[in-house]
>>> print(open('coords35.pdb').read())   # PDB, C-alpha atoms
ATOM      1  CA  GLN A   3       7.150-113.044  12.001
ATOM      2  CA  VAL A   4       6.148-109.483  11.184
ATOM      3  CA  GLN A   5       3.896-108.933   8.208
ATOM      4  CA  LEU A   6       3.942-105.568   6.475
ATOM      5  CA  VAL A   7       1.197-104.322   4.176
ATOM      6  CA  GLU A   8       1.755-101.232   2.064
ATOM      7  CA  SER A   9      -0.932 -99.038   0.558
ATOM      8  CA  GLY A  10      -1.302 -95.625  -1.019
ATOM      9  CA  GLY A  11       0.524 -96.073  -4.285
ATOM     10  CA  GLY A  12      -0.949 -95.036  -7.592
ATOM     11  CA  LEU A  13      -0.692 -92.780 -10.615
ATOM     12  CA  VAL A  14      -0.082 -89.076 -10.110
ATOM     13  CA  GLN A  15       1.013 -86.193 -12.295
ATOM     14  CA  ALA A  16       4.386 -84.565 -11.834
ATOM     15  CA  GLY A  17       4.247 -82.050  -9.006
ATOM     16  CA  GLY A  18       1.554 -83.999  -7.199
ATOM     17  CA  SER A  19       1.590 -85.784  -3.862
ATOM     18  CA  LEU A  20       0.988 -89.258  -2.491
ATOM     19  CA  ARG A  21       1.128 -90.731   0.996
ATOM     20  CA  LEU A  22       2.243 -94.304   1.404
ATOM     21  CA  SER A  23       1.282 -96.314   4.461
ATOM     22  CA  CYS A  24       2.763 -99.518   5.826
ATOM     23  CA  THR A  25       0.839-101.325   8.541
ATOM     24  CA  ALA A  26       2.623-103.944  10.635
ATOM     25  CA  SER A  27       1.041-107.090  12.059
ATOM     26  CA  GLU A  28       2.511-106.391  15.477
ATOM     27  CA  SER A  29       3.270-103.358  17.550
ATOM     28  CA  THR A  30       5.903-101.141  16.012
ATOM     29  CA  PHE A  31       6.984-100.334  19.549
ATOM     30  CA  ASN A  32       8.774-103.693  19.248
ATOM     31  CA  ILE A  33      10.426-102.823  15.928
ATOM     32  CA  ASN A  34      13.718-101.007  15.578
ATOM     33  CA  ALA A  35      14.494 -99.020  12.463
ATOM     34  CA  MET A  36      11.987 -98.937   9.629
ATOM     35  CA  GLY A  37      12.393 -97.654   6.140
ATOM     36  CA  TRP A  38      11.059 -97.124   2.663
ATOM     37  CA  TYR A  39      12.975 -98.460  -0.323
ATOM     38  CA  ARG A  40      12.222 -98.299  -4.028
ATOM     39  CA  GLN A  41      13.165-100.338  -7.022
ATOM     40  CA  THR A  42      12.897 -99.919 -10.793
ATOM     41  CA  PRO A  43      13.387-102.683 -13.357
ATOM     42  CA  GLY A  44      17.017-103.653 -13.767
ATOM     43  CA  LYS A  45      18.196-101.664 -10.766
ATOM     44  CA  GLN A  46      18.976-102.527  -7.182
ATOM     45  CA  ARG A  47      16.568-101.657  -4.435
ATOM     46  CA  GLU A  48      17.610 -98.342  -2.898
ATOM     47  CA  LEU A  49      16.887 -96.642   0.405
ATOM     48  CA  VAL A  50      14.530 -93.692   0.111
ATOM     49  CA  ALA A  51      14.074 -92.829   3.782
ATOM     50  CA  GLY A  52      14.629 -94.425   7.165
ATOM     51  CA  ILE A  53      13.464 -93.778  10.697
ATOM     52  CA  SER A  54      14.874 -95.129  13.923
ATOM     53  CA  ARG A  55      12.904 -96.421  16.883
ATOM     54  CA  GLY A  56      13.511 -93.050  18.527
ATOM     55  CA  GLY A  57      12.354 -91.052  15.524
ATOM     56  CA  SER A  58      15.644 -90.022  13.940
ATOM     57  CA  THR A  59      15.315 -89.829  10.168
ATOM     58  CA  THR A  60      17.539 -90.144   7.133
ATOM     59  CA  TYR A  61      16.796 -89.452   3.473
ATOM     60  CA  ALA A  62      18.303 -90.131   0.087
ATOM     61  CA  ASP A  63      19.723 -86.937  -1.365
ATOM     62  CA  ASP A  64      17.256 -86.803  -4.244
ATOM     63  CA  VAL A  65      14.183 -86.838  -1.987
ATOM     64  CA  LYS A  66      15.346 -84.475   0.744
ATOM     65  CA  GLY A  67      12.927 -81.603   1.170
ATOM     66  CA  ARG A  68      10.210 -83.434  -0.786
ATOM     67  CA  PHE A  69       9.551 -86.641   1.165
ATOM     68  CA  THR A  70       8.829 -87.072   4.859
ATOM     69  CA  ILE A  71       8.974 -90.356   6.738
ATOM     70  CA  SER A  72       7.116 -90.845   9.993
ATOM     71  CA  ARG A  73       5.872 -93.647  12.204
ATOM     72  CA  ASP A  74       2.833 -93.894  14.433
ATOM     73  CA  ASN A  75       3.535 -96.664  16.915
ATOM     74  CA  ALA A  76       0.027 -96.415  18.366
ATOM     75  CA  LYS A  77      -1.321 -97.431  14.935
ATOM     76  CA  ASN A  78       1.542 -99.809  14.050
ATOM     77  CA  THR A  79       2.015 -97.788  10.883
ATOM     78  CA  LEU A  80       4.869 -96.276   8.922
ATOM     79  CA  TYR A  81       4.202 -93.426   6.493
ATOM     80  CA  LEU A  82       5.947 -91.759   3.592
ATOM     81  CA  GLN A  83       4.552 -88.395   2.526
ATOM     82  CA  MET A  84       5.763 -87.658  -0.995
ATOM     83  CA  ASN A  85       5.383 -84.143  -2.360
ATOM     84  CA  SER A  86       6.564 -82.477  -5.571
ATOM     85  CA  LEU A  87       6.767 -85.854  -7.244
ATOM     86  CA  LYS A  88       8.899 -86.258 -10.343
ATOM     87  CA  PRO A  89       8.750 -88.864 -13.123
ATOM     88  CA  GLU A  90      12.050 -90.253 -11.831
ATOM     89  CA  ASP A  91      10.297 -91.145  -8.561
ATOM     90  CA  THR A  92       8.385 -93.834 -10.477
ATOM     91  CA  ALA A  93       9.160 -97.193  -8.863
ATOM     92  CA  VAL A  94       7.822 -99.959  -6.693
ATOM     93  CA  TYR A  95       8.087 -98.786  -3.091
ATOM     94  CA  TYR A  96       8.765-101.282  -0.316
ATOM     95  CA  CYS A  97       8.405-100.994   3.426
ATOM     96  CA  GLU A  98      11.143-102.551   5.570
ATOM     97  CA  ALA A  99      11.289-103.310   9.282
ATOM     98  CA  ASN A 100      14.151-104.443  11.505
ATOM     99  CA  SER A 101      13.281-106.568  14.517
ATOM    100  CA  PRO A 102      15.306-106.441  17.751
ATOM    101  CA  THR A 103      16.416-110.030  17.069
ATOM    102  CA  GLY A 104      18.023-109.056  13.770
ATOM    103  CA  TRP A 105      15.382-110.222  11.320
ATOM    104  CA  ILE A 106      14.530-107.949   8.408
ATOM    105  CA  TYR A 107      11.005-107.965   7.047
ATOM    106  CA  TRP A 108       9.666-106.601   3.766
ATOM    107  CA  GLY A 109       6.261-105.664   2.484
ATOM    108  CA  GLN A 110       4.960-106.767  -0.887
ATOM    109  CA  GLY A 111       5.523-103.381  -2.519
ATOM    110  CA  THR A 112       3.269-100.704  -3.933
ATOM    111  CA  GLN A 113       3.608 -99.129  -7.373
ATOM    112  CA  VAL A 114       4.081 -95.378  -7.674
ATOM    113  CA  THR A 115       3.870 -93.929 -11.174
ATOM    114  CA  VAL A 116       4.491 -90.245 -11.854
ATOM    115  CA  SER A 117       3.489 -88.983 -15.272
ATOM    116  CA  SER A 118       5.142 -85.990 -16.909
TER
END
>>> encode(input="coords35.pdb", output="structure tokens")
Amino acid sequence: QVQLVESGGGLVQAGGSLRLSCTASESTFNINAMGWYRQTPGKQRELVAGISRGGSTTYADDVKGRFTISRDNAKNTLYLQMNSLKPEDTAVYYCEANSPTGWIYWGQGTQVTVSS
């Protein structure tokens, strides 16, 4: 079972930046696609950004040009660089990993709060 631990969340003013990290308990060379999702109270969890095992990326329309997802397999870590943050980016951010056997793993979440 893969364990994922997120870090890097916090409180930032609008226009500021944060970098989220997600460290896996095993080599991410063995993990397929990974992603960052976010969720606000009363809403479904939504995909923010995803990255394939080969490095192909996808982004939600409202974060394109502001957020960058990357993975460092040598460090077993997934990143999300968030720039030009807006109050509407406030949410709990979750890391997700897809194993080759079809299991999906989630981190515990990290709170991001953007003040106006």
>>> resolve_selection(input="coords35.pdb", expression="the PyMOL selection byres ((chain A and resi 36-38) around 9)", output="PDB file with C-alpha atoms, in the coordinates of the input")
ATOM      1  CA  ILE A  33      10.426-102.823  15.928  1.00  0.00           C
ATOM      2  CA  ASN A  34      13.718-101.007  15.578  1.00  0.00           C
ATOM      3  CA  ALA A  35      14.494 -99.020  12.463  1.00  0.00           C
ATOM      4  CA  TYR A  39      12.975 -98.460  -0.323  1.00  0.00           C
ATOM      5  CA  ARG A  40      12.222 -98.299  -4.028  1.00  0.00           C
ATOM      6  CA  GLU A  48      17.610 -98.342  -2.898  1.00  0.00           C
ATOM      7  CA  LEU A  49      16.887 -96.642   0.405  1.00  0.00           C
ATOM      8  CA  VAL A  50      14.530 -93.692   0.111  1.00  0.00           C
ATOM      9  CA  ALA A  51      14.074 -92.829   3.782  1.00  0.00           C
ATOM     10  CA  GLY A  52      14.629 -94.425   7.165  1.00  0.00           C
ATOM     11  CA  ILE A  53      13.464 -93.778  10.697  1.00  0.00           C
ATOM     12  CA  SER A  54      14.874 -95.129  13.923  1.00  0.00           C
ATOM     13  CA  ARG A  55      12.904 -96.421  16.883  1.00  0.00           C
ATOM     14  CA  ILE A  71       8.974 -90.356   6.738  1.00  0.00           C
ATOM     15  CA  ARG A  73       5.872 -93.647  12.204  1.00  0.00           C
ATOM     16  CA  LEU A  80       4.869 -96.276   8.922  1.00  0.00           C
ATOM     17  CA  TYR A  81       4.202 -93.426   6.493  1.00  0.00           C
ATOM     18  CA  LEU A  82       5.947 -91.759   3.592  1.00  0.00           C
ATOM     19  CA  TYR A  95       8.087 -98.786  -3.091  1.00  0.00           C
ATOM     20  CA  TYR A  96       8.765-101.282  -0.316  1.00  0.00           C
ATOM     21  CA  CYS A  97       8.405-100.994   3.426  1.00  0.00           C
ATOM     22  CA  GLU A  98      11.143-102.551   5.570  1.00  0.00           C
ATOM     23  CA  ALA A  99      11.289-103.310   9.282  1.00  0.00           C
ATOM     24  CA  ASN A 100      14.151-104.443  11.505  1.00  0.00           C
TER      25      ASN A 100
END
>>> resolve_selection(input="coords35.pdb", expression="the PyMOL selection byres ((chain A and resi 8) around 10)", output="list of chain:residue names")
A:Leu6, A:Val7, A:Ser9, A:Gly10, A:Gly11, A:Leu22, A:Ser23, A:Cys24, A:Thr25, A:Ala26, A:Thr79, A:Leu80, A:Tyr81, A:Tyr95, A:Tyr96, A:Cys97, A:Trp108, A:Gly109, A:Gln110, A:Gly111, A:Thr112, A:Gln113
>>> residues_near_point(input="coords35.pdb", point="(-3.0, -92.5, -9.2)", cutoff="10 Å", atoms="all atoms listed in the file", output="PDB file with C-alpha atoms, keeping the file's coordinate frame")
ATOM      1  CA  GLY A  10      -1.302 -95.625  -1.019  1.00  0.00           C
ATOM      2  CA  GLY A  11       0.524 -96.073  -4.285  1.00  0.00           C
ATOM      3  CA  GLY A  12      -0.949 -95.036  -7.592  1.00  0.00           C
ATOM      4  CA  LEU A  13      -0.692 -92.780 -10.615  1.00  0.00           C
ATOM      5  CA  VAL A  14      -0.082 -89.076 -10.110  1.00  0.00           C
ATOM      6  CA  GLN A  15       1.013 -86.193 -12.295  1.00  0.00           C
ATOM      7  CA  GLY A  18       1.554 -83.999  -7.199  1.00  0.00           C
ATOM      8  CA  SER A  19       1.590 -85.784  -3.862  1.00  0.00           C
ATOM      9  CA  LEU A  20       0.988 -89.258  -2.491  1.00  0.00           C
ATOM     10  CA  GLN A 113       3.608 -99.129  -7.373  1.00  0.00           C
ATOM     11  CA  VAL A 114       4.081 -95.378  -7.674  1.00  0.00           C
ATOM     12  CA  THR A 115       3.870 -93.929 -11.174  1.00  0.00           C
ATOM     13  CA  VAL A 116       4.491 -90.245 -11.854  1.00  0.00           C
ATOM     14  CA  SER A 117       3.489 -88.983 -15.272  1.00  0.00           C
TER      15      SER A 117
END
>>> closest_residue(input="coords35.pdb", among="A:Gly44, A:Gly17, A:Thr70, A:Thr103", to="Leu87 of chain A", atoms="all atoms listed in the file")
A:Gly17
>>> atom_distance(input="coords35.pdb", atom1="atom CA of Asn32 of chain A", atom2="atom CA of Pro102 of chain A")
7.2 Å
>>> axis_aligned_box(input="coords35.pdb", around="segment 43-53 of chain A", padding_each_side="3 Å", output="lines of an AutoDock Vina configuration file")
center_x = 16.2
center_y = -98.2
center_z = -1.5
size_x = 11.6
size_y = 16.8
size_z = 30.5
>>> atom_distance(input="coords35.pdb", atom1="atom CA of Arg47 of chain A", atom2="atom CA of Thr92 of chain A")
12.8 Å
>>> residues_near_point(input="coords35.pdb", point="(7.7, -114.9, 11.7)", cutoff="12 Å", atoms="all atoms listed in the file", output="PyMOL selection string")
chain A and resi 3-6+27-28+101+103+105-108
>>> atom_distance(input="coords35.pdb", atom1="atom CA of Ser72 of chain A", atom2="atom CA of Thr59 of chain A")
8.3 Å
>>> resolve_selection(input="coords35.pdb", expression="the PyMOL selection byres ((chain A and resi 76) around 9)", output="list in words")
Ser29, Thr30, Phe31, Arg73, Asp74, Asn75, Lys77, Asn78 and Thr79 of chain A
>>> closest_residue(input="coords35.pdb", among="A:Lys45, A:Ala16, A:Gly104, A:Asp91", to="Ala62 of chain A", atoms="all atoms listed in the file")
A:Asp91
